[in-house]
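start.txt follows (compact mmCIF, C-alpha atoms):
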```txt
# COMPACT_ATOMS: atom_id res chain seq x y z
CA MET Y 246 -15.86 33.21 -48.79
CA SER Y 247 -14.66 32.39 -45.26
CA SER Y 248 -11.00 31.50 -44.70
CA LYS Y 249 -12.33 28.31 -43.08
CA ALA Y 250 -14.14 27.12 -46.22
CA LYS Y 251 -11.37 24.73 -47.23
CA GLU Y 252 -10.98 23.31 -43.72
CA TYR Y 253 -14.69 22.62 -43.42
CA LYS Y 254 -14.96 20.86 -46.79
CA LYS Y 255 -14.41 17.53 -45.04
CA VAL Y 256 -14.90 17.27 -41.28
CA ALA Y 257 -15.25 14.57 -38.65
CA TYR Y 258 -18.93 14.15 -37.87
CA TYR Y 259 -20.06 13.49 -34.33
CA PRO Y 260 -23.85 12.96 -34.41
CA GLY Y 261 -24.21 12.03 -30.71
CA CYS Y 262 -26.89 9.86 -29.12
CA ALA Y 263 -29.90 12.14 -29.66
CA LEU Y 264 -29.44 12.14 -33.43
CA GLU Y 265 -29.79 8.37 -33.45
CA GLY Y 266 -33.06 8.61 -31.51
CA THR Y 267 -35.50 11.47 -31.22
CA GLY Y 268 -33.32 13.69 -33.40
CA HIS Y 269 -33.17 11.26 -36.32
CA ALA Y 270 -34.62 13.84 -38.72
CA TYR Y 271 -31.82 16.24 -37.78
CA ASN Y 272 -29.23 13.55 -38.56
CA ARG Y 273 -30.83 12.74 -41.89
CA SER Y 274 -31.25 16.38 -42.93
CA THR Y 275 -27.70 17.32 -41.87
CA LYS Y 276 -26.27 14.52 -44.00
CA GLU Y 277 -28.48 15.34 -46.98
CA LEU Y 278 -27.67 19.03 -46.71
CA GLY Y 279 -23.95 18.26 -46.62
CA LYS Y 280 -24.28 16.14 -49.77
CA ALA Y 281 -26.24 18.84 -51.57
CA LEU Y 282 -23.62 21.44 -50.67
CA GLY Y 283 -20.63 19.27 -51.49
CA LEU Y 284 -19.47 19.18 -47.87
CA GLU Y 285 -18.20 15.81 -46.71
CA LEU Y 286 -18.94 14.23 -43.34
CA ASP Y 287 -16.70 11.48 -41.98
CA GLU Y 288 -18.46 9.96 -38.98
CA VAL Y 289 -16.26 9.46 -35.91
CA LYS Y 290 -15.59 5.74 -35.57
CA ASN Y 291 -16.94 3.95 -32.52
CA TRP Y 292 -18.04 7.22 -30.91
CA ASN Y 293 -19.50 7.35 -27.43
CA CYS Y 294 -21.89 9.58 -25.50
CA CYS Y 295 -20.42 13.03 -24.76
CA GLY Y 296 -21.44 12.68 -21.11
CA ALA Y 297 -24.50 14.87 -21.66
CA MET Y 298 -26.14 16.05 -18.46
CA GLU Y 299 -26.32 12.73 -16.63
CA VAL Y 300 -22.60 12.03 -16.29
CA LYS Y 301 -21.71 15.71 -15.97
CA ASN Y 302 -24.01 16.09 -12.97
CA ILE Y 303 -22.38 13.18 -11.16
CA ASP Y 304 -18.74 13.57 -12.17
CA PRO Y 305 -17.80 16.42 -14.54
CA LYS Y 306 -14.29 15.04 -15.05
CA VAL Y 307 -15.63 11.76 -16.39
CA GLN Y 308 -17.72 13.82 -18.81
CA THR Y 309 -14.53 15.60 -19.85
CA TYR Y 310 -12.95 12.23 -20.53
CA LEU Y 311 -15.92 10.95 -22.56
CA SER Y 312 -15.88 14.04 -24.76
CA SER Y 313 -12.10 13.91 -25.08
CA ARG Y 314 -12.28 10.32 -26.34
CA VAL Y 315 -14.45 11.43 -29.27
CA MET Y 316 -11.93 14.16 -30.13
CA SER Y 317 -9.01 11.76 -29.69
CA ILE Y 318 -10.45 9.27 -32.18
CA ALA Y 319 -11.16 12.05 -34.69
CA ALA Y 320 -7.64 13.46 -34.35
CA ASN Y 321 -5.42 10.48 -33.65
CA GLU Y 322 -7.17 7.64 -35.45
CA MET Y 323 -8.85 9.48 -38.32
CA GLY Y 324 -6.47 12.39 -38.87
CA HIS Y 325 -9.08 15.15 -38.61
CA ASP Y 326 -8.56 18.58 -37.15
CA VAL Y 327 -12.21 19.67 -37.20
CA VAL Y 328 -15.11 17.89 -35.44
CA MET Y 329 -18.64 18.98 -36.29
CA ALA Y 330 -21.34 18.32 -33.67
CA PRO Y 331 -24.87 19.41 -34.67
CA CYS Y 332 -26.34 18.82 -31.18
CA ASN Y 333 -26.04 21.74 -28.77
CA GLY Y 334 -25.40 19.39 -25.85
CA CYS Y 335 -22.55 17.56 -27.63
CA TYR Y 336 -21.13 20.78 -29.04
CA HIS Y 337 -21.20 22.37 -25.60
CA ASN Y 338 -19.60 19.35 -23.91
CA LEU Y 339 -16.78 19.00 -26.41
CA LYS Y 340 -16.05 22.72 -26.06
CA LYS Y 341 -16.14 22.42 -22.28
CA ALA Y 342 -13.75 19.45 -22.38
CA GLU Y 343 -11.39 21.44 -24.63
CA TYR Y 344 -11.47 24.33 -22.16
CA ASP Y 345 -10.94 22.11 -19.11
CA LEU Y 346 -8.03 20.26 -20.69
CA LYS Y 347 -6.36 23.56 -21.48
CA ASN Y 348 -6.97 25.15 -18.10
CA ASP Y 349 -7.43 22.52 -15.44
CA ASP Y 350 -4.60 20.15 -14.48
CA ALA Y 351 -6.86 17.91 -12.42
CA SER Y 352 -9.08 17.26 -15.46
CA LYS Y 353 -6.01 16.59 -17.56
CA GLN Y 354 -4.76 13.99 -15.09
CA VAL Y 355 -8.11 12.20 -14.98
CA VAL Y 356 -8.30 12.12 -18.79
CA GLU Y 357 -4.73 10.78 -19.04
CA ARG Y 358 -5.43 8.07 -16.49
CA ILE Y 359 -8.69 6.85 -18.04
CA SER Y 360 -7.37 7.09 -21.62
CA LYS Y 361 -4.42 4.92 -20.66
CA LYS Y 362 -6.70 2.40 -19.00
CA ALA Y 363 -9.01 2.39 -22.04
CA GLY Y 364 -6.01 1.86 -24.29
CA HIS Y 365 -6.22 4.85 -26.61
CA GLN Y 366 -4.11 7.91 -27.16
CA THR Y 367 -4.84 10.79 -24.77
CA TYR Y 368 -6.45 13.80 -26.39
CA GLU Y 369 -4.25 16.88 -26.20
CA SER Y 370 -5.95 20.26 -26.02
CA GLY Y 371 -5.86 22.02 -29.40
CA GLN Y 372 -5.72 18.91 -31.59
CA VAL Y 373 -9.15 19.59 -33.03
CA GLU Y 374 -11.50 22.50 -33.45
CA THR Y 375 -15.07 21.66 -32.46
CA ILE Y 376 -17.73 23.40 -34.52
CA HIS Y 377 -21.52 23.41 -34.69
CA ALA Y 378 -23.53 22.63 -37.82
CA LEU Y 379 -24.24 26.36 -38.04
CA ASP Y 380 -20.49 27.15 -38.24
CA TRP Y 381 -20.06 24.36 -40.76
CA ILE Y 382 -22.57 25.86 -43.21
CA LYS Y 383 -21.86 29.51 -42.43
CA ASP Y 384 -18.09 29.17 -42.92
CA GLY Y 385 -18.06 26.19 -45.25
CA ILE Y 386 -20.47 27.68 -47.80
CA GLY Y 387 -21.54 31.11 -46.59
CA GLU Y 388 -24.60 33.15 -47.40
CA GLU Y 389 -23.48 33.97 -50.93
CA GLY Y 390 -22.78 30.31 -51.66
CA LEU Y 391 -26.22 29.41 -50.39
CA LYS Y 392 -27.94 32.10 -52.43
CA GLU Y 393 -26.32 30.74 -55.59
CA ARG Y 394 -27.70 27.28 -54.85
CA VAL Y 395 -31.25 28.13 -53.74
CA LYS Y 396 -33.86 26.47 -55.98
CA SER Y 397 -36.96 26.83 -53.85
CA SER Y 398 -36.77 30.07 -51.91
CA LEU Y 399 -38.14 30.23 -48.37
CA LYS Y 400 -39.70 33.54 -49.40
CA ASP Y 401 -42.80 34.50 -47.42
CA LEU Y 402 -41.98 32.06 -44.65
CA LYS Y 403 -41.82 33.88 -41.32
CA ILE Y 404 -39.32 32.25 -39.01
CA ALA Y 405 -38.40 32.66 -35.33
CA ASN Y 406 -34.89 31.32 -34.86
CA TYR Y 407 -34.47 29.46 -31.60
CA TYR Y 408 -30.90 28.70 -30.45
CA GLY Y 409 -31.58 27.46 -26.91
CA CYS Y 410 -29.29 28.12 -24.01
CA MET Y 411 -26.34 25.78 -24.57
CA TYR Y 412 -25.15 27.11 -27.93
CA THR Y 413 -23.70 30.23 -26.31
CA ARG Y 414 -23.27 29.51 -22.60
CA PRO Y 415 -21.04 29.75 -20.70
CA ARG Y 416 -19.21 32.34 -22.75
CA HIS Y 417 -15.70 31.33 -21.72
CA ILE Y 418 -15.84 27.95 -23.48
CA PHE Y 419 -16.57 29.64 -26.83
CA PRO Y 420 -13.50 31.85 -27.36
CA GLU Y 421 -14.21 32.17 -31.09
CA LYS Y 422 -17.56 33.87 -30.47
CA ASP Y 423 -17.94 37.64 -29.87
CA GLN Y 424 -14.94 38.35 -32.10
CA GLY Y 425 -16.69 40.88 -34.31
CA GLU Y 426 -17.52 40.46 -37.96
CA GLY Y 427 -17.71 36.84 -39.08
CA SER Y 428 -18.16 35.44 -35.58
CA ASP Y 429 -21.36 34.60 -33.79
CA SER Y 430 -22.53 36.50 -30.73
CA THR Y 431 -23.18 34.92 -27.34
CA SER Y 432 -25.84 37.45 -26.40
CA GLU Y 433 -27.52 37.83 -29.78
CA PRO Y 434 -26.63 34.79 -31.92
CA HIS Y 435 -27.38 35.29 -35.61
CA PHE Y 436 -25.78 32.52 -37.70
CA MET Y 437 -29.08 30.66 -38.18
CA ASP Y 438 -30.85 33.95 -38.96
CA ASP Y 439 -28.16 34.74 -41.56
CA LEU Y 440 -28.37 31.35 -43.27
CA LEU Y 441 -32.16 31.22 -43.43
CA ALA Y 442 -32.32 34.82 -44.65
CA ALA Y 443 -29.89 33.85 -47.42
CA ALA Y 444 -32.36 31.12 -48.37
CA GLY Y 445 -35.08 33.75 -48.66
CA ALA Y 446 -36.84 33.46 -45.28
CA GLU Y 447 -38.20 36.40 -43.36
CA ASN Y 448 -36.79 36.27 -39.81
CA VAL Y 449 -38.98 37.81 -37.13
CA ASP Y 450 -37.64 39.67 -34.13
CA PHE Y 451 -37.69 36.99 -31.43
CA PRO Y 452 -36.56 37.98 -27.93
CA LEU Y 453 -36.55 34.45 -26.50
CA LYS Y 454 -34.05 33.01 -29.01
CA THR Y 455 -31.61 31.94 -26.27
CA ALA Y 456 -34.13 31.40 -23.46
CA CYS Y 457 -34.22 28.13 -21.55
CA CYS Y 458 -36.77 25.56 -22.75
CA GLY Y 459 -36.58 23.58 -19.50
CA GLY Y 460 -35.07 20.62 -21.35
CA ALA Y 461 -33.08 19.43 -18.33
CA HIS Y 462 -36.25 19.23 -16.22
CA THR Y 463 -38.51 17.67 -18.77
CA LEU Y 464 -38.81 14.43 -16.78
CA SER Y 465 -38.36 15.66 -13.21
CA ASP Y 466 -40.65 18.69 -13.51
CA SER Y 467 -42.69 18.37 -16.67
CA ASP Y 468 -45.14 21.15 -15.85
CA THR Y 469 -42.42 23.79 -15.60
CA SER Y 470 -40.93 22.60 -18.90
CA THR Y 471 -44.36 22.69 -20.52
CA LEU Y 472 -45.02 26.23 -19.30
CA LEU Y 473 -41.58 27.45 -20.44
CA VAL Y 474 -42.06 25.89 -23.88
CA SER Y 475 -45.60 27.18 -24.14
CA ASN Y 476 -44.34 30.67 -23.41
CA ILE Y 477 -41.67 30.36 -26.12
CA LEU Y 478 -44.25 29.15 -28.63
CA GLU Y 479 -46.69 31.93 -27.75
CA ALA Y 480 -43.93 34.53 -27.99
CA ALA Y 481 -42.95 33.20 -31.43
CA GLU Y 482 -46.56 33.45 -32.59
CA SER Y 483 -46.90 36.95 -31.13
CA ALA Y 484 -43.77 37.89 -33.08
CA GLY Y 485 -45.58 36.75 -36.24
CA ALA Y 486 -43.68 33.51 -36.82
CA GLU Y 487 -45.17 30.59 -38.71
CA VAL Y 488 -42.19 28.37 -38.03
CA ILE Y 489 -39.63 28.03 -35.24
CA ALA Y 490 -36.29 26.95 -36.69
CA THR Y 491 -34.19 24.83 -34.35
CA GLU Y 492 -30.56 23.68 -34.28
CA CYS Y 493 -30.61 21.29 -31.31
CA PRO Y 494 -32.36 17.90 -31.05
CA THR Y 495 -33.18 18.35 -27.36
CA CYS Y 496 -34.74 21.78 -27.82
CA HIS Y 497 -36.53 20.57 -30.94
CA SER Y 498 -38.14 17.52 -29.36
CA GLY Y 499 -38.88 19.53 -26.19
CA LEU Y 500 -40.73 22.18 -28.20
CA GLU Y 501 -42.62 19.56 -30.17
CA MET Y 502 -43.64 17.35 -27.27
CA HIS Y 503 -44.53 20.15 -24.87
CA GLN Y 504 -46.55 21.84 -27.59
CA VAL Y 505 -48.81 18.79 -27.53
CA ARG Y 506 -48.70 18.55 -23.72
CA ALA Y 507 -49.48 22.26 -23.26
CA GLU Y 508 -52.75 21.81 -25.09
CA LYS Y 509 -53.71 18.65 -23.21
CA ARG Y 510 -52.60 19.74 -19.75
CA PHE Y 511 -53.23 23.50 -19.78
CA GLY Y 512 -55.49 24.02 -22.78
CA ARG Y 513 -52.88 26.28 -24.39
CA LYS Y 514 -52.92 25.65 -28.11
CA THR Y 515 -50.34 27.06 -30.50
CA ASN Y 516 -50.05 26.48 -34.22
CA VAL Y 517 -46.46 27.52 -34.91
CA LYS Y 518 -44.52 24.68 -36.60
CA ILE Y 519 -41.13 23.42 -35.42
CA VAL Y 520 -38.59 22.56 -38.11
CA TYR Y 521 -34.82 21.97 -38.05
CA PHE Y 522 -32.84 24.64 -39.86
CA THR Y 523 -31.12 21.87 -41.84
CA GLN Y 524 -34.53 20.72 -43.11
CA LEU Y 525 -35.44 24.25 -44.18
CA LEU Y 526 -32.12 24.81 -45.93
CA GLY Y 527 -32.33 21.37 -47.56
CA MET Y 528 -35.76 22.15 -49.01
CA ALA Y 529 -34.54 25.57 -50.16
CA LEU Y 530 -31.84 23.72 -52.10
CA GLY Y 531 -34.50 21.62 -53.81
CA LEU Y 532 -34.41 18.48 -51.66
CA SER Y 533 -37.80 16.90 -51.04
CA ALA Y 534 -39.51 17.20 -47.66
CA LYS Y 535 -39.26 13.43 -47.33
CA LYS Y 536 -35.54 13.40 -48.04
CA VAL Y 537 -34.90 15.81 -45.16
CA GLY Y 538 -37.26 13.90 -42.86
CA VAL Y 539 -40.04 16.45 -42.39
CA HIS Y 540 -42.47 13.53 -42.00
CA GLU Y 541 -40.47 12.37 -38.98
CA ASN Y 542 -41.17 15.56 -37.03
CA ILE Y 543 -43.99 15.43 -34.47
CA SER Y 544 -44.94 18.98 -35.41
CA ASP Y 545 -46.55 18.46 -38.81
CA SER Y 546 -45.48 21.33 -41.03
CA ARG Y 547 -46.16 19.66 -44.37
CA ALA Y 548 -49.36 21.55 -45.21
CA LEU Y 549 -47.77 24.91 -44.40
CA LEU Y 550 -44.63 24.15 -46.39
CA LYS Y 551 -46.71 22.98 -49.32
CA GLU Y 552 -48.88 26.09 -49.17
CA LYS Y 553 -45.72 28.22 -49.25
CA GLY Y 554 -44.45 26.28 -52.25
CA ILE Y 555 -41.41 25.03 -50.37
CA ALA Y 556 -42.20 21.31 -50.05
CA MET U 1446 -43.01 41.68 -1.08
CA ARG U 1447 -45.61 40.06 -3.32
CA THR U 1448 -45.77 36.29 -3.39
CA LEU U 1449 -44.74 34.43 -6.53
CA ASP U 1450 -48.37 33.59 -7.22
CA GLU U 1451 -49.26 37.28 -7.05
CA ILE U 1452 -46.46 38.12 -9.48
CA GLY U 1453 -47.66 35.36 -11.80
CA ALA U 1454 -51.18 36.81 -11.70
CA VAL U 1455 -49.89 40.24 -12.81
CA LEU U 1456 -48.07 38.62 -15.72
CA ASN U 1457 -51.22 36.87 -16.85
CA ILE U 1458 -52.90 40.22 -17.46
CA LYS U 1459 -52.40 41.49 -21.01
CA GLY U 1460 -52.06 45.20 -21.65
CA SER U 1461 -50.65 46.34 -18.30
CA LEU U 1462 -48.04 49.07 -18.10
CA ALA U 1463 -44.42 48.38 -19.05
CA SER U 1464 -43.43 49.46 -15.54
CA ALA U 1465 -45.69 46.76 -14.07
CA TYR U 1466 -43.96 44.05 -16.09
CA LEU U 1467 -40.53 45.40 -15.23
CA LYS U 1468 -41.44 45.46 -11.54
CA ALA U 1469 -42.72 41.88 -11.81
CA GLY U 1470 -39.31 40.90 -13.18
CA GLU U 1471 -37.52 42.70 -10.35
CA ASP U 1472 -39.74 41.15 -7.70
CA THR U 1473 -39.13 37.70 -9.17
CA LEU U 1474 -35.39 38.21 -8.87
CA CYS U 1475 -35.84 39.53 -5.31
CA HIS U 1476 -37.43 36.18 -4.43
CA TRP U 1477 -34.41 34.39 -5.85
CA ALA U 1478 -31.99 36.57 -3.85
CA GLU U 1479 -33.95 36.19 -0.62
CA GLY U 1480 -34.33 32.48 -1.16
CA ARG U 1481 -30.54 32.28 -1.23
CA GLY U 1482 -30.26 34.29 1.99
CA LEU U 1483 -29.26 37.58 0.34
CA GLU U 1484 -30.62 41.06 0.79
CA PRO U 1485 -31.89 42.03 -2.70
CA THR U 1486 -29.72 44.83 -4.04
CA ILE U 1487 -31.18 48.27 -4.59
CA ASP U 1488 -28.33 49.19 -6.95
CA ALA U 1489 -28.78 49.60 -10.71
CA ARG U 1490 -26.65 48.41 -13.63
CA GLU U 1491 -26.96 50.23 -16.93
CA GLY U 1492 -29.89 52.09 -15.39
CA PHE U 1493 -31.84 49.00 -14.35
CA ARG U 1494 -32.25 47.45 -10.92
CA LEU U 1495 -33.36 44.33 -12.77
CA LEU U 1496 -29.88 43.87 -14.26
CA ALA U 1497 -28.20 44.48 -10.90
CA LEU U 1498 -30.48 41.89 -9.32
CA HIS U 1499 -29.61 39.39 -12.03
CA HIS U 1500 -25.92 40.06 -11.52
CA GLN U 1501 -26.34 39.52 -7.80
CA GLY U 1502 -28.37 36.35 -8.35
CA SER U 1503 -25.83 34.76 -10.67
CA ARG U 1504 -22.89 35.20 -8.30
CA GLY U 1505 -21.79 31.70 -7.31
CA GLU U 1506 -24.57 30.22 -9.47
CA PRO U 1507 -23.35 30.18 -13.10
CA SER U 1508 -26.46 28.36 -14.33
CA PHE U 1509 -28.46 31.47 -13.45
CA ASN U 1510 -26.84 33.11 -16.46
CA ALA U 1511 -29.34 31.14 -18.54
CA CYS U 1512 -31.75 34.03 -17.87
CA ARG U 1513 -29.23 36.84 -18.46
CA GLU U 1514 -30.44 37.61 -21.98
CA THR U 1515 -34.06 37.31 -20.87
CA CYS U 1516 -33.39 40.11 -18.35
CA ARG U 1517 -31.65 42.18 -20.99
CA GLU U 1518 -34.56 41.67 -23.41
CA LEU U 1519 -36.94 42.81 -20.70
CA ALA U 1520 -34.91 46.00 -20.19
CA TYR U 1521 -34.71 46.48 -23.97
CA HIS U 1522 -38.48 46.21 -24.39
CA TYR U 1523 -39.03 48.58 -21.50
CA ASN U 1524 -36.82 51.12 -23.28
CA LEU U 1525 -38.58 50.57 -26.61
CA ILE U 1526 -41.99 51.18 -25.06
CA THR U 1527 -41.13 54.11 -22.81
CA LEU U 1528 -38.90 55.94 -25.29
CA GLU U 1529 -41.38 55.61 -28.16
CA PRO U 1530 -44.80 55.39 -26.48
CA ASP U 1531 -46.63 56.47 -29.64
CA HIS U 1532 -44.95 53.95 -31.91
CA PRO U 1533 -47.48 51.87 -33.90
CA ASP U 1534 -45.92 48.67 -32.53
CA THR U 1535 -46.28 49.63 -28.88
CA GLU U 1536 -49.11 47.22 -28.22
CA LYS U 1537 -47.18 44.38 -29.81
CA ARG U 1538 -44.03 45.32 -27.93
CA LEU U 1539 -45.93 45.40 -24.67
CA GLU U 1540 -47.28 41.91 -25.25
CA MET U 1541 -43.79 40.70 -26.08
CA MET U 1542 -42.48 42.32 -22.90
CA ARG U 1543 -45.17 40.51 -20.91
CA LEU U 1544 -44.12 37.17 -22.43
CA VAL U 1545 -40.44 37.87 -21.77
CA ALA U 1546 -41.22 38.76 -18.13
CA MET U 1547 -43.35 35.63 -17.90
CA HIS U 1548 -40.41 33.57 -19.12
CA LEU U 1549 -38.17 35.03 -16.45
CA TYR U 1550 -40.83 34.31 -13.83
CA LEU U 1551 -41.30 30.70 -14.98
CA PHE U 1552 -37.56 30.07 -15.19
CA VAL U 1553 -36.76 31.53 -11.77
CA SER U 1554 -39.75 30.07 -9.94
CA GLY U 1555 -39.03 26.67 -11.53
CA LYS U 1556 -35.44 26.90 -10.39
CA MET U 1557 -36.52 27.87 -6.88
CA GLN U 1558 -38.85 24.90 -6.79
CA VAL U 1559 -36.11 22.51 -7.90
CA ASN U 1560 -33.66 23.96 -5.36
CA GLY U 1561 -36.27 24.12 -2.56
CA LEU U 1562 -35.73 27.85 -2.03
CA GLY U 1563 -37.96 30.58 -0.61
CA GLU U 1564 -41.62 29.68 -0.86
CA PHE U 1565 -40.59 26.20 -1.90
CA CYS U 1566 -38.44 25.33 1.12
CA CYS U 1567 -39.84 22.64 3.45
CA ALA U 1568 -40.64 25.17 6.19
CA SER U 1569 -42.68 27.34 3.84
CA ARG U 1570 -44.64 24.56 2.21
CA PRO U 1571 -47.58 24.62 4.67
CA LEU U 1572 -47.98 28.37 4.09
CA ARG U 1573 -47.90 27.95 0.33
CA THR U 1574 -50.23 25.02 0.11
CA GLY U 1575 -52.47 26.21 2.93
CA THR U 1576 -52.15 22.90 4.80
```

Let me see the file written as structure tokens.
Amino acid sequence: MSSKAKEYKKVAYYPGCALEGTGHAYNRSTKELGKALGLELDEVKNWNCCGAMEVKNIDPKVQTYLSSRVMSIAANEMGHDVVMAPCNGCYHNLKKAEYDLKNDDASKQVVERISKKAGHQTYESGQVETIHALDWIKDGIGEEGLKERVKSSLKDLKIANYYGCMYTRPRHIFPEKDQGEGSDSTSEPHFMDDLLAAAGAENVDFPLKTACCGGAHTLSDSDTSTLLVSNILEAAESAGAEVIATECPTCHSGLEMHQVRAEKRFGRKTNVKIVYFTQLLGMALGLSAKKVGVHENISDSRALLKEKGIA
Amino acid sequence: MRTLDEIGAVLNIKGSLASAYLKAGEDTLCHWAEGRGLEPTIDAREGFRLLALHHQGSRGEPSFNACRETCRELAYHYNLITLEPDHPDTEKRLEMMRLVAMHLYLFVSGKMQVNGLGEFCCASRPLRTGT
């Protein structure tokens, strides 16, 4: 078992905006999975947007402040030293804020000034460790722990694991990655592969696991996003996958929506299903498809999961 | 140099040679370099001009690293196919290489369009659209 197992038993939970909207099924399945595994989530009180892309594009230092406020509340008002963010965008932004506050005096000054004005304690670099939902399960329970708990194996389910581009980039904001055994890799991430394999799934070799899905351009240049997604879906099918497992609400909804659009706009139909890794793990632990929100996905995987004896 | 449309057409053909897909990737990155006012490098990194071109293209443009692994996967598939041409999975690997090269092409050409570079700059628009 990981040395972090005890630390991750109870963590501050930062769902972020997407998990209250299009990523609702990810929120639901993350919470249900935590319950089933005996891992406790304590939602950050009065949390705010991490600054996502919109604020970051206009003023990156304000984004640093917004992310730092979330970490400040978790650390200074709730007494946590670990914040878990299941959304790649939130995870990335909190990590970036941590890096900037450690290395950039100008960012530090801006955060101090706004925190004072907002009337809360300034976040100090190092007060919390930000982790992704993948770290939470991988280090909190581990593959062996999962294997012991599996009730409905994902056996015979062929999965392409899709991590998207923000889980690993840029490398310098993820100092814990690329540290050898036990750490994830920025060039060839494998935590999701490891967890789903432990639940019995057959992972296919998928070369576009960290490729861009065009999420940032989905509104400004929908056709490019659709073509990028379509290519990812076709590559997954060519690799033999029946399901693409996701770990980011933006990637997930992008894949789902552009799968529909690709057929309408370009006549490119794909049948691969898109499912959150938390939903797959939840069902492997015996939770019902409804409990982990499979019916909330646009990509309807219920028939396939039923056929495989998973749902 | 081939136009982006011509490169796209090559990538739409299934079952070409691995070298054709690798060259399509290189030419795509040459467009990116030229669009940014650079002379595309003829150097190689780890035996691939493709990787040297990506390195050149990401200098001063960190977001271009979003296609770093795509380039590396393209080089990896090229090696798989050329080092084991008789492998039973060669056909499958070739199709995967085509899709990886296509992803690089879509990503880079989309980025050029957003940034108004190369064929997508205002001055080039009449040539591209034929107006």

(request) Provide as a PyMOL selection string the residues of chain U at most 12 Å from chain Y, counting only C-alpha atoms. (result) chain U and resi 1456-1457+1506-1522+1534+1536-1560

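Reported to one decimal place, the separation of CA of Arg547 (chain Y) from CA of Asn516 (chain Y) is 12.8 Å.
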
(message) With 9 Å as the threshold, what does the neighbourhood of (-17.5, 19.6, -44.4) contain in terms of residues, counting all atoms listed in the file? Coordinates are those of the file; answer as a list in words.
(response)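 With a cut-off of 9 Å, the residues come to Ala250, Lys251, Glu252, Tyr253, Lys254, Lys255, Val256, Ala257, Tyr258, Gly279, Leu282, Gly283, Leu284, Glu285, Leu286, Asp287, Val327, Met329, Trp381, Ile382 and Gly385 of chain Y.
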
(request) Would you kindly return, as a PyMOL selection string, each protein, DNA or RNA residue with an atom no farther than 12 Å from any atom of Asn406 (chain Y), considering only C-alpha atoms and excluding same-chain residues fewer than 3 positions away? (result) chain Y and resi 403+409+433-442+446-456+477-478+480-481+484+486-493+496-497+518-522+525

(request) Tell me which protein, DNA and RNA residues are within 10 Å of Ala1478 (chain U), counting only C-alpha atoms, leaving out same-chain ones fewer than 4 positions away, and put them as a ChimeraX atom specification. (result) /U:1472-1474,1482-1486,1498-1499,1501-1503,1562-1563

With C-alpha atoms retained, could you export that selection as a short mmCIF file (atom, residue, chain, number, x, y, z; two decimals), keeping the file's coordinate frame?
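Saved file again.cif follows:
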```cif
data_model
loop_
_atom_site.label_atom_id
_atom_site.label_comp_id
_atom_site.auth_asym_id
_atom_site.auth_seq_id
_atom_site.Cartn_x
_atom_site.Cartn_y
_atom_site.Cartn_z
CA ASP U 1472 -39.74 41.15 -7.70
CA THR U 1473 -39.13 37.70 -9.17
CA LEU U 1474 -35.39 38.21 -8.87
CA GLY U 1482 -30.26 34.29 1.99
CA LEU U 1483 -29.26 37.58 0.34
CA GLU U 1484 -30.62 41.06 0.79
CA PRO U 1485 -31.89 42.03 -2.70
CA THR U 1486 -29.72 44.83 -4.04
CA LEU U 1498 -30.48 41.89 -9.32
CA HIS U 1499 -29.61 39.39 -12.03
CA GLN U 1501 -26.34 39.52 -7.80
CA GLY U 1502 -28.37 36.35 -8.35
CA SER U 1503 -25.83 34.76 -10.67
CA LEU U 1562 -35.73 27.85 -2.03
CA GLY U 1563 -37.96 30.58 -0.61
#
```

To box region 1493-1499 of chain U, take all atoms listed in the file, fit an axis-aligned box, add 6 Å on each side, and give centre and edge lengths in Å to one decimal, as AutoDock Vina command-line options.
```
--center_x -30.8 --center_y 44.2 --center_z -11.8 --size_x 17.2 --size_y 21.6 --size_z 17.0
```

(message) Measuring between all atoms listed in the file, which one of U:Gly1460, U:Gly1470, U:Gly1505, U:Gly1561 shows the shortest distance to Thr1535 (chain U)?
(response)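 Nearest candidate to Thr1535 (chain U) out of U:Gly1460, U:Gly1470, U:Gly1505, U:Gly1561: U:Gly1460.
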
(request) Could you tell me how far CA of Gly531 (chain Y) lies from CA of Ser248 (chain Y), in Å and to one decimal? (result)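 For CA of Gly531 (chain Y) relative to CA of Ser248 (chain Y), the distance reads 27.1 Å.
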
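Pairwise distance (CA of Val356 (chain Y), CA of Val307 (chain Y)) equals 7.7 Å.
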
(message) Residues within 12 Å of (-52.0, 20.5, -20.7), file coordinates, counting only C-alpha atoms: what are they? Give the list as a ChimeraX atom specification.
(response) /Y:467-472,474-475,502-515
